[in-house]
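Input: a single structure, listed below in structure tokens.
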Amino acid sequence: MTTRCHAARGLRAMAVCLLLAAAAARPLAAQALHVPYTSFTLPDGLKVIVHEDHSVPIVTVNTWYHVGSSDERPGRTGFAHLFEHLMFMGSEHVPTGDFDRLLEAAGGDNNGSTTEDRTNYFEDGPSNALALMLYLDSDRMGFLLPEITPPKVDLQRGVVQNERRQSYENQPYGLAQENILKRLYPPDHPYNWPVIGSMADLNAASIEDVRQFDRTYYTPSNATLVVAGDVTAAEVRALVRHWFGGVPRGPAVKRAPPPAVSLPADVYATLEDRVQLPRVYDAWHTEKAFAPDDAGLEMLADILAGGKASRLYKRLVYELQIATQVAAFQDGGRIDGKFEIFATARPGHALDELAAVIDGELRALADSGPTVREVERARNGIEAGFLDRMERVGSFGGKADQLNYYDYFVGTPDYFERDLDRYRRVTPADVQRLARDYLVRPHRVVLSVVPAGHTELAATEGASR
Amino acid sequence: MTALRPPRPRALALAAVLATLAPGALAAQRPDRSRPPTLPPPPALRVPAVRTATLPNGLEIAVVEMHKVPVVDVTLMVDAGTVRDPDSLPGLATFTALMLQQGAGSRAALDIADETAFLGASLNTGASYDGAFASLHVPKRRLGPALDLLADVVLRPTFPDSEVARQRDLRRAQILQQQDQPVAMANIAFAAIVFGSSHPYGRPTSGTEASTAALSRDRVVDFYRSYYRPNGARLLVVGDVTLEEARQLVAARWGSWARVDAAPVPEATPPAGAARTIYLVDKPGAAQSVFRIGQVGASRSTPDYFALEVLNTVLGGSFTSRLNQNLRETHGYTYGASSQFAMRRQAGPFVAASSVVTAKTDSALIEFLLELRRIRDDSVPRAELDKAKAYITLGLPGEFETTGGAARQFGDLLLYGLPLDWYASYIPRIDAVTAADVQRVARQYLDPDHFAIVVVGDRSQIQAGLAALHEGPIVDRDMWGRSK
């Protein structure tokens, strides 16, 4: 539920996504974690946030539409992301192809991504290109539909289906996540399906769906625009009012509260895949982003599997040498959160062996808690990550994107220091309690991905767990 | 990169534009959407200054001061890349670099991992074709102890037998897992087919199953002693430090590193390209076919560097490039298509790449070849050329925004021994590239009659369609590029 980069537009973007996947587990640093901004709202409801950073002569325009795959209806999974692709296909005054051509001719780059909770877009480039970026973004916010035709929907449907093939179907273990989600969440829960959607639902998407979605969600009052870089707040205000002033206002977005989630029993499942080595996933319900235990759960994940000094890596990969890798993460979205651990077996080892070791380490942490040093080590890494994310204004995960993230999730764009404070407050006793209350005691989904024909390698219920 | 902003002509220009529209009136009037806004002139390129020093033992230090965020990025480059791998032991250079972190000085492998994490640092060691590196990224206030770690790892690795065995076993499992990754398979096969196993660029940098089994402590120690040395090494420091500060920190740790003489890397001759052939690597059940099309390209020192940059940007180096527009935006065969000249110390490959839906494998090859021939046959139109040049030159400032970004730019110059004032003349040299230059290098460096076309996909679904194109014989290969 963090940035998934489902729409690498540029060729560079694919690399960006990989980098981001590593960094996105938690959004921020140490001394002055302050990102000053000014903010104003246009009469049509568009909120604008401006951050000046004059260190490099570049500017970024970062737009968040407060809509994601969790707003999709049954039978149309993947639609929010397909719509994101259509946002680059031209608008009433910008012929197809010109969005990218004009930006590149001005030295700029762009991309977009869709998650369960939101869809974001950015244009990065030299600071003189600001007016062009605002022209393009305002046109697709206010005047998209006249340009969207069935052939364009078909074309991007094909691109997105190839994205699904490239990033999921043709990747080892690529279908694991959707198999976890559908077991962790009930069918009517908005986190039940993956952002990329199913092939069948992508095939069903129609031009009428596009119109409806645009009118409902792609309105100024459902978006926030961040402009950051080597610009002044005054010039940004004038240009934004100029280009966005005439965009029509839309209706307020209404959302029903999501159904409650619970897992009354452990759920075991096995997926056969074209892989050489089996992998076991454990998934639990936890807490949504910024809920009281969210930050502590991230620290717990780091202590369990963040780097080679972590407990699970040390045990599974280093000492016992029965796994090739192990990972853990807390994934807090706006509606709900989950915690996952996965580990890949070495040749000759079955998943029950790995599962038993994982459970032993979880119990040890729940019984005795981590050391003070383990908690400090996790916090130091998280602090360093906050600092690194202060270096860049644009792209995915840059300062502009983070301002939008905080604005949407907590209502305060410059939340950097307070976010870091959440991690600073976590104690060893907290981590011990979280291991016990979220991982050891509750039920979970256990998914085994095994080489085709080798279901005997799967983790089995009751086997020493 | 200082906090004080130098005067910006750009700001004045924009103010002038706003003034002509009259403040206040700008927002009130309906915007003219009939054409994109006219932009003020772009800002001048400001590249952070790089300064250098050389220690008595020959270690070159380069320092780029960037004080916006209190972080420091350090990269030590050593002439110990995979080009130094013995013919019989591919993977030794990358394995030696990996082993640096598995015990050094008085620290055991897990101590290094624990202390690195405790410092909030990232410490990486690895090897590419032309060099090995050890790099560090760390908050400024922890720079000293983090450099102690880096120095231990580079200068005092212990290579314990038990750790060699442990990492060797792990690597064997990872090599097995490469069979799950069609992109990795395509890259390995393409390099092997284009360069052959007697050329260092043709060998798999992570080794093979057999070469990994043959790795031993003695081979690692021997490689380390031969090639990890200060003369020929370069240490780049980017971030919140001054040259003097960096020089002292480095001299205290690397000053007594002893010189070793090593023979220069021998020049390798790539094989003459075979007539165009389709090399099919079977991946039953694959949802897509992974293409790698190309041949031997150019070296980093080529005088054609700038023309090739422009050529590649037009062909496959940007979103609006011909390959991506054709295969993705016109036909929807793929999520993306691209091309690249991998310029190395010696001529690296030119490669055009995409992953396409299985059912359109033959159609995709038609479009690939069409674009690769068209850019040779026809001059690039003016608007397209200008767009590519602007994309390169106006996008350049963004490459220097972060410490990591600046380190990549300057690290490349240091690795290939290029002048550190490279970027002072970069923009005019890109601007000077003409359509005739692009066509000349396209004809010189792209030779469709000798393309190696590697396809990793489901043979039962794609072979007949590919054969029907009559674009060359189809031969079966495994992921190592070997005949089956």
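By order of appearance in the structure tokens: chains A, B, ..., then residues from 1 within every chain, and ligands from 1 in the order shown.
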
Determine which residues of chain B sit within 6 Å of chain A, taking into account only C-alpha atoms, and present them as a PDB file with C-alpha atoms, in the first residue's frame.
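New file part23.pdb:
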ATOM      1  CA  MET B   1      25.058  24.069  -4.019  1.00  0.00           C
ATOM      2  CA  LEU B  26      -3.248  37.019 -15.341  1.00  0.00           C
ATOM      3  CA  ALA B  27      -5.477  34.961 -13.101  1.00  0.00           C
ATOM      4  CA  PRO B  37       2.675  28.745 -23.146  1.00  0.00           C
ATOM      5  CA  PRO B  40      11.254  31.995 -20.582  1.00  0.00           C
ATOM      6  CA  PRO B  42      16.073  27.962 -19.422  1.00  0.00           C
ATOM      7  CA  LEU B 110      27.702 -10.038  11.114  1.00  0.00           C
ATOM      8  CA  ALA B 113      26.396  -5.711   8.983  1.00  0.00           C
ATOM      9  CA  ASP B 114      25.328  -4.734  12.493  1.00  0.00           C
ATOM     10  CA  PHE B 118      23.683   0.978  13.550  1.00  0.00           C
ATOM     11  CA  GLY B 120      22.367   4.389   9.579  1.00  0.00           C
ATOM     12  CA  ASP B 180      13.216 -17.999 -13.158  1.00  0.00           C
ATOM     13  CA  ALA B 287       3.625 -14.741 -20.738  1.00  0.00           C
ATOM     14  CA  PHE B 319       9.574   7.919 -23.430  1.00  0.00           C
ATOM     15  CA  GLY B 332       0.414  -1.775 -27.326  1.00  0.00           C
ATOM     16  CA  THR B 334       4.624  -3.976 -24.507  1.00  0.00           C
ATOM     17  CA  TYR B 335       4.913  -1.933 -21.321  1.00  0.00           C
ATOM     18  CA  LYS B 387      13.504  17.613 -28.837  1.00  0.00           C
ATOM     19  CA  ALA B 390      16.774  19.602 -25.374  1.00  0.00           C
ATOM     20  CA  TYR B 391      15.789  16.544 -23.371  1.00  0.00           C
ATOM     21  CA  LEU B 394      17.914  20.810 -20.225  1.00  0.00           C
ATOM     22  CA  GLY B 395      17.453  17.717 -18.125  1.00  0.00           C
ATOM     23  CA  THR B 402      21.378  14.588  -4.976  1.00  0.00           C
TER      24      THR B 402
END

*asked:* Can you pull out the residues contacting Thr205 (chain B)? Cut-off 10 Å, using only C-alpha atoms, and skip same-chain residues under 4 positions away; I want them as a VMD selection string.
replied: chain B and resid 81 to 83 85 90 to 95 127 to 129 188 200 to 201

For Trp480 (chain B), list every protein, DNA or RNA residue within 8 Å, evaluated using only C-alpha atoms, and leave out those in the same chain fewer than 3 positions away; present the list as a PDB file with N, CA and C atoms, in the first residue's frame.
ATOM      1  N   MET B 185      18.049 -13.977 -17.907  1.00  0.00           N
ATOM      2  CA  MET B 185      18.462 -14.972 -18.906  1.00  0.00           C
ATOM      3  C   MET B 185      18.815 -14.287 -20.224  1.00  0.00           C
ATOM      4  N   ILE B 188      22.218 -12.368 -20.008  1.00  0.00           N
ATOM      5  CA  ILE B 188      23.387 -13.256 -19.982  1.00  0.00           C
ATOM      6  C   ILE B 188      23.622 -13.860 -21.374  1.00  0.00           C
ATOM      7  N   ALA B 189      22.544 -14.329 -21.972  1.00  0.00           N
ATOM      8  CA  ALA B 189      22.678 -14.963 -23.290  1.00  0.00           C
ATOM      9  C   ALA B 189      23.153 -13.953 -24.332  1.00  0.00           C
ATOM     10  N   ALA B 192      26.875 -13.200 -24.016  1.00  0.00           N
ATOM     11  CA  ALA B 192      27.682 -14.353 -24.424  1.00  0.00           C
ATOM     12  C   ALA B 192      27.691 -14.500 -25.940  1.00  0.00           C
ATOM     13  N   ARG B 477      19.388 -21.766 -28.155  1.00  0.00           N
ATOM     14  CA  ARG B 477      20.478 -21.553 -27.207  1.00  0.00           C
ATOM     15  C   ARG B 477      19.939 -21.733 -25.797  1.00  0.00           C
TER      16      ARG B 477
END

*Residues of region 112-315 of chain A in strand (DSSP E) according to DSSP, as a PyMOL selection string?*
chain A and resi 112-114+119-126+223-229+267-273+279-285
